[in-house]
>>> print(open('final-v5.cif').read())   # mmCIF, C-alpha atoms
data_final
#
loop_
_atom_site.label_atom_id
_atom_site.label_comp_id
_atom_site.auth_asym_id
_atom_site.auth_seq_id
_atom_site.Cartn_x
_atom_site.Cartn_y
_atom_site.Cartn_z
CA MET A 15 -3.77 -3.53 -17.96
CA PRO A 16 -2.39 -0.30 -19.43
CA ASN A 17 1.35 0.25 -19.57
CA LEU A 18 0.92 3.15 -17.15
CA TYR A 19 1.02 0.71 -14.25
CA THR A 20 4.14 -1.11 -15.31
CA LYS A 21 6.02 2.06 -16.25
CA SER A 22 5.21 3.99 -13.09
CA LYS A 23 8.45 4.25 -11.15
CA THR A 24 6.95 5.42 -7.86
CA VAL A 25 4.22 3.62 -5.93
CA ILE A 26 2.36 4.86 -2.88
CA PRO A 27 0.71 1.81 -1.31
CA ASP A 28 -2.36 2.10 0.85
CA THR A 29 -2.42 0.30 4.20
CA SER A 30 -3.64 -3.15 3.13
CA PRO A 31 -1.25 -3.62 0.18
CA LEU A 32 1.67 -2.52 2.35
CA LEU A 33 0.53 -4.82 5.14
CA LEU A 34 0.29 -7.70 2.64
CA ILE A 35 3.86 -7.06 1.48
CA LEU A 36 5.28 -6.77 4.99
CA MET A 37 3.32 -9.72 6.39
CA GLY A 38 4.48 -11.88 3.49
CA LEU A 39 8.08 -10.88 4.07
CA TYR A 40 7.67 -11.71 7.74
CA ASP A 41 5.88 -15.04 7.30
CA LYS A 42 3.87 -16.00 4.22
CA GLU A 43 1.71 -18.32 6.30
CA CYS A 44 0.41 -15.33 8.25
CA ILE A 45 -1.29 -13.97 5.13
CA THR A 46 -4.17 -16.42 5.29
CA ASN A 47 -4.27 -16.49 9.09
CA PHE A 48 -4.03 -12.76 9.82
CA LYS A 49 -7.52 -11.30 10.24
CA ARG A 50 -6.99 -8.01 8.34
CA LEU A 51 -5.65 -9.89 5.31
CA SER A 52 -7.80 -13.02 5.48
CA ASN A 53 -10.94 -10.83 5.67
CA LYS A 54 -9.91 -9.53 2.26
CA ASN A 55 -9.28 -13.08 1.04
CA TYR A 56 -5.60 -12.47 0.31
CA LYS A 57 -3.50 -15.53 -0.41
CA ILE A 58 0.22 -16.23 -0.65
CA GLU A 59 -0.04 -16.08 -4.46
CA ASP A 60 -1.44 -12.54 -4.19
CA TYR A 61 1.57 -11.50 -2.13
CA GLU A 62 3.94 -13.02 -4.68
CA LEU A 63 2.18 -11.28 -7.56
CA LEU A 64 2.27 -7.98 -5.68
CA LEU A 65 6.02 -8.38 -5.14
CA GLN A 66 6.45 -8.73 -8.90
CA PHE A 67 4.37 -5.61 -9.46
CA ILE A 68 6.43 -3.44 -7.09
CA ALA A 69 9.81 -4.86 -8.08
CA LYS A 70 12.26 -2.12 -9.08
CA LYS A 71 9.82 0.61 -8.12
CA LYS A 72 10.39 3.34 -5.58
CA ILE A 73 7.98 2.91 -2.68
CA ILE A 74 6.81 5.96 -0.76
CA VAL A 75 4.69 5.87 2.38
CA THR A 76 3.36 8.53 4.69
CA PRO A 77 3.55 8.34 8.49
CA HIS A 78 -0.22 7.85 8.44
CA ILE A 79 0.11 4.65 6.40
CA LEU A 80 2.86 3.34 8.67
CA THR A 81 0.73 4.06 11.73
CA GLU A 82 -2.18 2.07 10.33
CA VAL A 83 0.09 -0.83 9.35
CA SER A 84 1.61 -0.79 12.82
CA ASN A 85 -1.82 -0.74 14.48
CA PHE A 86 -2.88 -3.81 12.51
CA ALA A 87 0.43 -5.65 12.95
CA THR A 88 0.24 -5.32 16.74
CA LYS A 89 -2.66 -7.79 16.48
CA LEU A 90 -0.29 -10.61 15.53
CA LYS A 91 -0.84 -13.70 17.66
CA GLU A 92 1.44 -14.35 20.59
CA ASN A 93 2.76 -10.78 20.60
CA LYS A 94 4.95 -11.29 17.52
CA PHE A 95 5.01 -7.58 16.65
CA SER A 96 8.69 -7.18 17.54
CA GLU A 97 9.58 -10.11 15.26
CA PHE A 98 7.45 -8.56 12.50
CA ILE A 99 9.34 -5.25 12.81
CA ASP A 100 12.75 -6.93 13.01
CA ALA A 101 12.02 -9.05 9.93
CA ASN A 102 10.90 -5.99 7.97
CA ARG A 103 13.45 -3.48 9.25
CA PRO A 104 15.70 -3.72 6.14
CA VAL A 105 12.72 -3.15 3.83
CA LEU A 106 11.26 -0.37 5.95
CA GLU A 107 14.62 1.40 5.97
CA LYS A 108 14.67 1.38 2.14
CA ILE A 109 11.13 2.70 1.74
CA ASP A 110 10.95 6.47 1.32
CA GLU A 111 8.70 8.49 3.56
CA GLU A 112 6.72 11.57 2.57
CA TYR A 113 5.70 13.70 5.51
CA VAL A 114 2.41 15.50 4.93
CA SER A 115 1.71 18.13 7.55
CA LYS A 116 -1.57 18.38 9.37
CA THR A 117 -1.90 21.94 8.06
CA ASN A 118 -1.57 20.67 4.51
CA LEU A 119 -4.10 17.91 5.14
CA LEU A 120 -6.59 20.29 6.72
CA ASN A 121 -6.50 22.37 3.53
CA GLU A 122 -7.40 19.40 1.30
CA THR A 123 -11.02 19.08 0.23
CA GLU A 124 -10.74 15.28 0.29
CA LEU A 125 -10.06 15.19 4.04
CA ILE A 126 -13.65 15.34 5.23
CA LYS A 127 -14.79 12.43 3.11
CA PHE A 128 -11.65 10.27 3.11
CA GLY A 129 -9.76 10.98 6.34
CA PHE A 130 -6.13 11.70 7.12
CA THR A 131 -4.48 8.56 5.76
CA ASP A 132 -6.16 8.48 2.37
CA THR A 133 -5.73 12.23 1.97
CA SER A 134 -2.02 11.91 2.81
CA ILE A 135 -1.77 9.28 0.07
CA VAL A 136 -3.34 11.66 -2.45
CA VAL A 137 -1.01 14.51 -1.45
CA ALA A 138 2.06 12.23 -1.64
CA ALA A 139 0.97 10.91 -5.04
CA ARG A 140 0.51 14.44 -6.40
CA LYS A 141 3.87 15.61 -5.10
CA ASN A 142 5.80 12.58 -6.38
CA ASN A 143 3.82 11.79 -9.52
CA GLY A 144 3.22 8.42 -7.93
CA LEU A 145 0.85 5.58 -8.61
CA VAL A 146 -1.56 4.90 -5.75
CA LEU A 147 -1.89 1.19 -4.98
CA THR A 148 -5.04 0.38 -3.04
CA ASP A 149 -7.74 -2.18 -2.41
CA ASP A 150 -10.12 0.56 -1.28
CA PHE A 151 -12.70 1.38 -3.97
CA PRO A 152 -13.58 4.83 -2.57
CA LEU A 153 -9.89 5.89 -2.58
CA PHE A 154 -9.38 4.37 -6.02
CA GLY A 155 -12.43 6.21 -7.34
CA MET A 156 -11.36 9.51 -5.81
CA CYS A 157 -7.92 9.21 -7.38
CA LYS A 158 -9.40 8.52 -10.79
CA LYS A 159 -11.84 11.43 -10.42
CA ILE A 160 -9.15 13.98 -9.54
CA GLY A 161 -6.60 12.73 -12.07
CA ILE A 162 -4.19 10.78 -9.89
CA ASN A 163 -2.78 7.53 -11.29
CA ALA A 164 -4.17 4.64 -9.29
CA VAL A 165 -4.42 0.89 -9.54
CA HIS A 166 -6.77 -1.30 -7.56
CA MET A 167 -5.41 -4.58 -6.20
CA ASN A 168 -8.12 -6.44 -8.14
CA GLU A 169 -6.52 -5.21 -11.37
CA ILE A 170 -3.16 -6.61 -10.36
CA LEU A 171 -4.51 -9.90 -9.05
CA SER A 172 -6.77 -10.56 -12.00
CA THR A 173 -4.11 -10.37 -14.67
CA LYS A 174 -0.66 -11.81 -15.15
CA GLU A 175 0.10 -10.43 -18.62
CA ILE A 176 1.59 -7.23 -17.21
CA PHE A 177 4.66 -9.15 -16.07
CA GLN A 178 5.35 -10.80 -19.41
CA LYS A 179 7.91 -9.12 -21.65
#
>>> encode(input="final-v5.cif", output="structure tokens")
Amino acid sequence: MPNLYTKSKTVIPDTSPLLLILMGLYDKECITNFKRLSNKNYKIEDYELLLQFIAKKKIIVTPHILTEVSNFATKLKENKFSEFIDANRPVLEKIDEEYVSKTNLLNETELIKFGFTDTSIVVAARKNNGLVLTDDFPLFGMCKKIGINAVHMNEILSTKEIFQK
């Protein structure tokens, strides 16, 4: 994997990678049992590798990403959403947030094809010279096409050499 990924100091995670991080911090066992993550075949080892990847990086999210994460997390069994939030509160407080206005989003050509959340990720990445972290091939492809640094989760999960130095 190119050094670009390891040197990037700012990461803008898409919904699923952020959900994987937060679910793992809440309860690693939920990773394989939580429908949104198990449908993508995520495992505890994937969470641990992702933590290594984001270590010492600035994380930026948009309200759109947080909304999607929240919507998925409310599906936790036995109404554990409040525990999920409480367990992740310290991390969520440290994550930076980039507000992208609806007016700004409506002016982006990507909006029609990719929607509000993905477009907000692109805008935040442009503004902050950030690396987009996603498991969504259309978003990954769009980023590459328009010159935004992006890494697909498959790239992270398929290689361990990037952490050796």
>>> resolve_selection(input="final-v5.cif", expression="the PyMOL selection byres ((chain A and resi 55) around 12)", output="CSV table (one decimal) with C-alpha atoms, keeping the file's coordinate frame")
chain,number,residue,atom,x,y,z
A,30,SER,CA,-3.6,-3.2,3.1
A,34,LEU,CA,0.3,-7.7,2.6
A,45,ILE,CA,-1.3,-14.0,5.1
A,46,THR,CA,-4.2,-16.4,5.3
A,47,ASN,CA,-4.3,-16.5,9.1
A,48,PHE,CA,-4.0,-12.8,9.8
A,49,LYS,CA,-7.5,-11.3,10.2
A,50,ARG,CA,-7.0,-8.0,8.3
A,51,LEU,CA,-5.6,-9.9,5.3
A,52,SER,CA,-7.8,-13.0,5.5
A,53,ASN,CA,-10.9,-10.8,5.7
A,54,LYS,CA,-9.9,-9.5,2.3
A,56,TYR,CA,-5.6,-12.5,0.3
A,57,LYS,CA,-3.5,-15.5,-0.4
A,58,ILE,CA,0.2,-16.2,-0.6
A,59,GLU,CA,0.0,-16.1,-4.5
A,60,ASP,CA,-1.4,-12.5,-4.2
A,61,TYR,CA,1.6,-11.5,-2.1
A,149,ASP,CA,-7.7,-2.2,-2.4
A,167,MET,CA,-5.4,-4.6,-6.2
A,168,ASN,CA,-8.1,-6.4,-8.1
A,171,LEU,CA,-4.5,-9.9,-9.0
>>> resolve_selection(input="final-v5.cif", expression="the PyMOL selection byres ((chain A and resi 143) around 12)", output="list of chain:residue names")
A:Leu18, A:Ser22, A:Lys23, A:Thr24, A:Val25, A:Ile26, A:Lys72, A:Ile73, A:Ile74, A:Ile135, A:Val136, A:Val137, A:Ala138, A:Ala139, A:Arg140, A:Lys141, A:Asn142, A:Gly144, A:Leu145, A:Val146, A:Gly161, A:Ile162, A:Asn163, A:Ala164
>>> closest_residue(input="final-v5.cif", among="A:Ser134, A:Leu63, A:Ile126, A:Pro77", to="Leu106 in chain A", atoms="only C-alpha atoms")
A:Pro77
>>> residues_around(input="final-v5.cif", residues="Glu62 in chain A", least_positions_apart="6", cutoff="12 Å", atoms="only C-alpha atoms", output="PyMOL selection string")
chain A and resi 31+34-39+42+45+56+68-69+170-171+174
>>> atom_distance(input="final-v5.cif", atom1="CA of Glu97 in chain A", atom2="CA of Gln66 in chain A")
24.4 Å
>>> residues_around(input="final-v5.cif", residues="Glu124 in chain A", least_positions_apart="5", cutoff="10 Å", atoms="all atoms listed in the file", output="ChimeraX atom specification")
/A:119,129-130,132-134,136-137,153,156
>>> build_atoms(input="final-v5.cif", residues="range 73-85 of chain A", atoms="N, CA and C atoms", output="PDB file, in the coordinates of the input")
ATOM      1  N   ILE A  73       9.155   2.959  -3.539  1.00  0.00           N
ATOM      2  CA  ILE A  73       7.980   2.910  -2.680  1.00  0.00           C
ATOM      3  C   ILE A  73       8.028   4.110  -1.737  1.00  0.00           C
ATOM      4  N   ILE A  74       6.926   4.819  -1.671  1.00  0.00           N
ATOM      5  CA  ILE A  74       6.810   5.960  -0.760  1.00  0.00           C
ATOM      6  C   ILE A  74       5.612   5.714   0.143  1.00  0.00           C
ATOM      7  N   VAL A  75       5.791   5.953   1.427  1.00  0.00           N
ATOM      8  CA  VAL A  75       4.690   5.870   2.380  1.00  0.00           C
ATOM      9  C   VAL A  75       4.626   7.181   3.152  1.00  0.00           C
ATOM     10  N   THR A  76       3.493   7.391   3.783  1.00  0.00           N
ATOM     11  CA  THR A  76       3.360   8.530   4.690  1.00  0.00           C
ATOM     12  C   THR A  76       3.354   7.974   6.117  1.00  0.00           C
ATOM     13  N   PRO A  77       3.639   8.817   7.101  1.00  0.00           N
ATOM     14  CA  PRO A  77       3.550   8.340   8.490  1.00  0.00           C
ATOM     15  C   PRO A  77       2.172   7.800   8.838  1.00  0.00           C
ATOM     16  N   HIS A  78       1.143   8.315   8.174  1.00  0.00           N
ATOM     17  CA  HIS A  78      -0.220   7.850   8.440  1.00  0.00           C
ATOM     18  C   HIS A  78      -0.390   6.394   8.015  1.00  0.00           C
ATOM     19  N   ILE A  79       0.173   6.035   6.869  1.00  0.00           N
ATOM     20  CA  ILE A  79       0.110   4.650   6.400  1.00  0.00           C
ATOM     21  C   ILE A  79       0.864   3.736   7.361  1.00  0.00           C
ATOM     22  N   LEU A  80       2.064   4.152   7.747  1.00  0.00           N
ATOM     23  CA  LEU A  80       2.860   3.340   8.670  1.00  0.00           C
ATOM     24  C   LEU A  80       2.150   3.141  10.000  1.00  0.00           C
ATOM     25  N   THR A  81       1.480   4.171  10.471  1.00  0.00           N
ATOM     26  CA  THR A  81       0.730   4.060  11.730  1.00  0.00           C
ATOM     27  C   THR A  81      -0.370   3.017  11.609  1.00  0.00           C
ATOM     28  N   GLU A  82      -1.110   3.062  10.509  1.00  0.00           N
ATOM     29  CA  GLU A  82      -2.180   2.070  10.330  1.00  0.00           C
ATOM     30  C   GLU A  82      -1.613   0.662  10.219  1.00  0.00           C
ATOM     31  N   VAL A  83      -0.536   0.488   9.476  1.00  0.00           N
ATOM     32  CA  VAL A  83       0.090  -0.830   9.350  1.00  0.00           C
ATOM     33  C   VAL A  83       0.540  -1.316  10.730  1.00  0.00           C
ATOM     34  N   SER A  84       1.156  -0.441  11.480  1.00  0.00           N
ATOM     35  CA  SER A  84       1.610  -0.790  12.820  1.00  0.00           C
ATOM     36  C   SER A  84       0.437  -1.195  13.712  1.00  0.00           C
ATOM     37  N   ASN A  85      -0.641  -0.427  13.657  1.00  0.00           N
ATOM     38  CA  ASN A  85      -1.820  -0.740  14.480  1.00  0.00           C
ATOM     39  C   ASN A  85      -2.379  -2.123  14.151  1.00  0.00           C
TER      40      ASN A  85
END
